[in-house]
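See structure below.
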Amino acid sequence: MAATARLISRLTLVTGGGSGIGRAVCQRLASEGASVVVADISEESANETMKSLINNLRGQQHTAAVVDVSSKQSVKQLVTSIQTRYFQPPSVCVTAAGITQDDFLLNMDEEKFDRVIQVNLKGSFLVTQAVAQALVACGAPKGSIITVGSILGKVGNIGQVNYTASKGGVESLTRTAAKELSRFGIRCNCVLPGFISTPMTDQVPEKVINKVLPLVPLGRMGEAAEVADVCAFLASDDSGYITGASIEVTGGLFMG
Ligand SMILES: NC(=O)c1ccc[n+]([C@@H]2O[C@H](COP(=O)([O-])OP(=O)(O)OC[C@H]3O[C@@H](n4cnc5c(N)ncnc54)[C@H](O)[C@@H]3O)[C@@H](O)[C@H]2O)c1
């Protein structure tokens, strides 16, 4: 539950907002006063999230939108439609859209590798670029872009050569974006979740979860809301001197 209303009057965009971590981020940002554009490839899920948002704080107006983050045209269209509706670009953006298509390196086919890179890595690039371009073009005084990487992008994971490569890329993309965009007042940070209970991890076989859990110092899987807490902090001015950072939200799993 939000302790403050740090995001009153802020327009925010969350990709992958229809489920799991993205949905929890939308709920948290809205509970702090933000207007939220819930963007997802699934219209139905985006609408469901939108219906769950608090909407009675000052000036709040939420929207559900369909986007395929792997398509430049779709991302451009999304940002243009936001500017048409709200007369401004989002000053906060959280790129939570992501997929897995697992296989061992020896068996991984090219299509699965490409698709995961396209959605997770290229999607983060396209959304970061489109939002930053819009903020710079309108002379916005500040912005906060938050990408969602994964602790597995740092340490690797058996059966996820495509996913871990994409997430390592997201973290490094975020650092470069932070270096390039700081002169425009745009901060860029990456959150690195560990094992969080969402529809994505519901697909992980129980025997794998049972192997991982003993490695988590806090002894449990994380909640999507716990990742959202960190995103809300990074979105707000409370993190005004933080850019280019990667924040692990892992319960201590794989700590340095
Ligand atoms: N759950 C975890 O343990 C965990 C750990 C580390 C990182 N992450 C990352 O967090 C993010 C959210 O994961 P989640 O667990 O909430 O998964 P999820 O499957 O619950 O949600 C992902 C959302 O992304 C949307 N999406 C998929 N492809 C899209 C596309 N091309 N364009 C737009 N939207 C698209 C889906 O429709 C879905 O609503 C992902 O980037 C994931 O890699 C999750």
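Following the order of the structure tokens, chains are lettered A, B, ..., residues in each are numbered from 1, and ligands are numbered from 1.
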
TODO: Could you please extract the residues within 8 Å of ligand 1, counting only C-alpha atoms and all ligand atoms, and hand them back as a VMD selection string?
DONE: chain A and resid 15 to 23 39 to 42 45 to 46 66 to 71 95 to 100 119 to 120 123 148 to 152 163 167 192 to 201 222 224

TODO: Quick one: everything within 12 Å of Ser52 of chain A, counting only C-alpha atoms, minus sequence neighbours fewer than 2 positions away in the same chain. Send it as a ChimeraX atom specification.
DONE: /A:17-19,23-28,30-31,36,38,45-50,54-55,62-64

Could you write those residues out with C-alpha atoms, as a short mmCIF file (atom, residue, chain, number, x, y, z; two decimals), in the first residue's frame?
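So the final result, stored in result12.cif, reads:
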```cif
data_model
loop_
_atom_site.label_atom_id
_atom_site.label_comp_id
_atom_site.auth_asym_id
_atom_site.auth_seq_id
_atom_site.Cartn_x
_atom_site.Cartn_y
_atom_site.Cartn_z
CA GLY A 17 0.66 -3.69 -17.68
CA GLY A 18 -1.88 -6.45 -18.23
CA SER A 19 -0.36 -9.01 -15.90
CA ARG A 23 -0.15 -4.89 -13.36
CA ALA A 24 1.19 -4.42 -9.82
CA VAL A 25 3.23 -1.43 -11.04
CA CYS A 26 0.11 0.14 -12.59
CA GLN A 27 -1.79 -0.35 -9.32
CA ARG A 28 1.01 1.11 -7.23
CA ALA A 30 -2.18 4.85 -9.52
CA SER A 31 -2.37 4.51 -5.74
CA VAL A 36 -1.56 5.40 -15.89
CA VAL A 38 -1.77 0.43 -19.19
CA SER A 45 -5.69 -7.97 -19.79
CA ALA A 46 -4.95 -4.26 -20.15
CA ASN A 47 -8.64 -3.48 -19.66
CA GLU A 48 -8.80 -5.74 -16.62
CA THR A 49 -5.85 -3.94 -15.04
CA MET A 50 -7.39 -0.58 -15.79
CA ILE A 54 -7.71 3.70 -8.03
CA ASN A 55 -9.04 6.65 -10.03
CA HIS A 62 -6.22 6.11 -16.88
CA THR A 63 -6.17 4.51 -20.33
CA ALA A 64 -5.79 0.96 -21.58
#
```

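Interatomic distance, atom CA of Gly219 of chain A to atom CA of Thr250 of chain A: 10.4 Å.
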
Quick one: residues within 8 Å of segment 238-246 of chain A, only C-alpha atoms counted, chain neighbours fewer than 3 positions away excluded, as a PDB file with N, CA and C atoms, in the first residue's frame?
```
ATOM      1  N   GLU A 171      19.863  -4.530 -19.042  1.00  0.00           N
ATOM      2  CA  GLU A 171      20.581  -3.822 -17.982  1.00  0.00           C
ATOM      3  C   GLU A 171      21.627  -2.892 -18.593  1.00  0.00           C
ATOM      4  N   THR A 174      20.162   0.088 -20.358  1.00  0.00           N
ATOM      5  CA  THR A 174      19.681   1.088 -19.396  1.00  0.00           C
ATOM      6  C   THR A 174      20.819   1.997 -18.938  1.00  0.00           C
ATOM      7  N   ARG A 175      21.997   1.391 -18.747  1.00  0.00           N
ATOM      8  CA  ARG A 175      23.149   2.213 -18.310  1.00  0.00           C
ATOM      9  C   ARG A 175      23.522   3.213 -19.394  1.00  0.00           C
ATOM     10  N   THR A 176      23.534   2.757 -20.645  1.00  0.00           N
ATOM     11  CA  THR A 176      23.884   3.664 -21.748  1.00  0.00           C
ATOM     12  C   THR A 176      22.829   4.758 -21.872  1.00  0.00           C
ATOM     13  N   ALA A 177      21.567   4.372 -21.769  1.00  0.00           N
ATOM     14  CA  ALA A 177      20.487   5.367 -21.838  1.00  0.00           C
ATOM     15  C   ALA A 177      20.665   6.389 -20.723  1.00  0.00           C
ATOM     16  N   ALA A 178      21.034   5.925 -19.531  1.00  0.00           N
ATOM     17  CA  ALA A 178      21.223   6.839 -18.396  1.00  0.00           C
ATOM     18  C   ALA A 178      22.327   7.843 -18.710  1.00  0.00           C
ATOM     19  N   LYS A 179      23.421   7.353 -19.286  1.00  0.00           N
ATOM     20  CA  LYS A 179      24.541   8.256 -19.615  1.00  0.00           C
ATOM     21  C   LYS A 179      24.122   9.273 -20.666  1.00  0.00           C
ATOM     22  N   SER A 182      20.918  11.795 -19.271  1.00  0.00           N
ATOM     23  CA  SER A 182      20.967  12.576 -18.026  1.00  0.00           C
ATOM     24  C   SER A 182      20.973  14.077 -18.324  1.00  0.00           C
ATOM     25  N   ARG A 187      16.173  10.275 -16.022  1.00  0.00           N
ATOM     26  CA  ARG A 187      16.893   9.226 -15.289  1.00  0.00           C
ATOM     27  C   ARG A 187      16.454   7.859 -15.814  1.00  0.00           C
ATOM     28  N   CYS A 188      17.396   6.927 -15.881  1.00  0.00           N
ATOM     29  CA  CYS A 188      17.079   5.569 -16.359  1.00  0.00           C
ATOM     30  C   CYS A 188      17.654   4.556 -15.381  1.00  0.00           C
ATOM     31  N   ASN A 189      16.806   3.699 -14.893  1.00  0.00           N
ATOM     32  CA  ASN A 189      17.246   2.683 -13.938  1.00  0.00           C
ATOM     33  C   ASN A 189      16.594   1.347 -14.269  1.00  0.00           C
ATOM     34  N   CYS A 190      17.244   0.291 -13.783  1.00  0.00           N
ATOM     35  CA  CYS A 190      16.777  -1.064 -14.102  1.00  0.00           C
ATOM     36  C   CYS A 190      16.455  -1.799 -12.802  1.00  0.00           C
ATOM     37  N   VAL A 191      15.315  -2.467 -12.752  1.00  0.00           N
ATOM     38  CA  VAL A 191      15.067  -3.340 -11.600  1.00  0.00           C
ATOM     39  C   VAL A 191      15.354  -4.781 -12.020  1.00  0.00           C
ATOM     40  N   LEU A 192      15.963  -5.509 -11.119  1.00  0.00           N
ATOM     41  CA  LEU A 192      16.321  -6.896 -11.403  1.00  0.00           C
ATOM     42  C   LEU A 192      15.561  -7.805 -10.438  1.00  0.00           C
ATOM     43  N   PHE A 233       9.339   4.031  -6.226  1.00  0.00           N
ATOM     44  CA  PHE A 233      10.448   4.838  -5.684  1.00  0.00           C
ATOM     45  C   PHE A 233      11.280   5.428  -6.828  1.00  0.00           C
ATOM     46  N   LEU A 234      11.610   4.589  -7.810  1.00  0.00           N
ATOM     47  CA  LEU A 234      12.428   5.067  -8.938  1.00  0.00           C
ATOM     48  C   LEU A 234      11.671   6.073  -9.803  1.00  0.00           C
ATOM     49  N   ALA A 235      10.344   5.947  -9.822  1.00  0.00           N
ATOM     50  CA  ALA A 235       9.529   6.893 -10.601  1.00  0.00           C
ATOM     51  C   ALA A 235       9.485   8.251  -9.921  1.00  0.00           C
TER      52      ALA A 235
END
```

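Our summary of the geometry notes that atom CA of Glu44 of chain A is positioned 23.4 Å from atom CA of Thr147 of chain A.
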
- [ ] Show which residues sit within 8 Å of Val161 of chain A, as a PyMOL selection string. Count only C-alpha atoms, and ignore same-chain residues fewer than 5 positions away.
- [x] chain A and resi 102-105+113+156

Write a file of the selected residues as a CSV table (one decimal), in the first residue's frame, keeping C-alpha atoms.
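So the final result, stored in again-v9.csv, reads:
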```csv
chain,number,residue,atom,x,y,z
A,102,ASP,CA,12.9,-21.8,-22.9
A,103,ASP,CA,15.1,-24.5,-24.2
A,104,PHE,CA,18.7,-25.7,-23.7
A,105,LEU,CA,21.3,-24.0,-25.7
A,113,PHE,CA,16.0,-17.0,-29.7
A,156,GLY,CA,22.7,-17.0,-16.4
```

Task: Distance criterion (only C-alpha atoms): nearest to Leu78 of chain A out of A:Leu13, A:Gly59, A:Pro141, A:Glu248 - done: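 Checking each of A:Leu13, A:Gly59, A:Pro141, A:Glu248 against Leu78 of chain A, counting only C-alpha atoms, the winner is A:Leu13.
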
- [ ] Give me, please, the distance in Å between atom CA of Ala134 of chain A and atom CA of Ile82 of chain A, quoted to one decimal.
- [x]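 Separating atom CA of Ala134 of chain A from atom CA of Ile82 of chain A is a distance of 10.5 Å.
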
TODO: Could you give me, as a PyMOL selection string, each residue of segment 33-140 of chain A that DSSP assigns to helix (DSSP H, G or I) when run on this structure's backbone?
DONE: chain A and resi 43-51+72-86+110-137

- [ ] Name the closest residue to Leu7 of chain A among the candidates A:Asp237, A:Val79, A:Asn56, A:Gly168; distances are taken between atoms, counting only C-alpha atoms.
- [x] A:Asp237

TODO: May I ask which of the residues A:Gly169, A:Gly153, A:Gly33, A:Gly143 is the closest one to Gln118 of chain A, counting only C-alpha atoms?
DONE: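 For Gln118 of chain A, the nearest of the candidates is A:Gly169.
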
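Distance check against Val75 of chain A using only C-alpha atoms: of A:Ser124, A:Gln101, A:Gln61, A:Ser91, the minimum falls on A:Ser124.
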
- [ ] Taking the DSSP assignment computed from this structure's backbone, write out as a PyMOL selection string all residues of segment 1-238 of chain A that belong to strand (DSSP E or B).
- [x] chain A and resi 11-15+35-40+63-66+92-95+103+143-148+160+186-193+196-197+222-223

Task: Nearby residues (only C-alpha atoms) at most 10 Å from Gln133 of chain A, same-chain spacing under 5 positions excluded, as number ranges by chain - done: A: 79, 89, 127-128, 138-139, 181

Based on the selection just made, write N, CA and C atoms of those residues as a PDB file, in the first residue's frame.
```pdb
ATOM      1  N   VAL A  79       2.893   6.016 -28.400  1.00  0.00           N
ATOM      2  CA  VAL A  79       3.358   7.272 -27.815  1.00  0.00           C
ATOM      3  C   VAL A  79       2.623   8.456 -28.449  1.00  0.00           C
ATOM      4  N   PRO A  89       3.847  13.830 -23.297  1.00  0.00           N
ATOM      5  CA  PRO A  89       4.318  12.437 -23.242  1.00  0.00           C
ATOM      6  C   PRO A  89       4.352  11.961 -21.795  1.00  0.00           C
ATOM      7  N   VAL A 127      10.776   1.235 -26.684  1.00  0.00           N
ATOM      8  CA  VAL A 127       9.931   2.016 -25.776  1.00  0.00           C
ATOM      9  C   VAL A 127      10.764   3.130 -25.118  1.00  0.00           C
ATOM     10  N   THR A 128      11.958   2.772 -24.674  1.00  0.00           N
ATOM     11  CA  THR A 128      12.844   3.789 -24.069  1.00  0.00           C
ATOM     12  C   THR A 128      13.119   4.901 -25.075  1.00  0.00           C
ATOM     13  N   CYS A 138       9.591  17.786 -26.496  1.00  0.00           N
ATOM     14  CA  CYS A 138       8.686  18.786 -25.909  1.00  0.00           C
ATOM     15  C   CYS A 138       9.359  19.575 -24.782  1.00  0.00           C
ATOM     16  N   GLY A 139      10.651  19.332 -24.576  1.00  0.00           N
ATOM     17  CA  GLY A 139      11.390  20.111 -23.573  1.00  0.00           C
ATOM     18  C   GLY A 139      10.941  19.824 -22.146  1.00  0.00           C
ATOM     19  N   LEU A 181      21.014  10.282 -21.554  1.00  0.00           N
ATOM     20  CA  LEU A 181      19.798  11.084 -21.326  1.00  0.00           C
ATOM     21  C   LEU A 181      19.863  11.958 -20.083  1.00  0.00           C
TER      22      LEU A 181
END
```

Open item on the list: Counting only C-alpha atoms, which residue out of A:Glu180, A:Gln77, A:Tyr86, A:Leu106 sits closest to Ala130 of chain A?
Closed with: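 Closest candidate: A:Gln77.
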
Task: Selected residue of minimal separation from Gln88 of chain A among A:Ser74, A:Thr12, A:Thr164, A:Gln129, counting only C-alpha atoms - done: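 Of A:Ser74, A:Thr12, A:Thr164, A:Gln129, the one nearest Gln88 of chain A, counting only C-alpha atoms, is A:Thr12.
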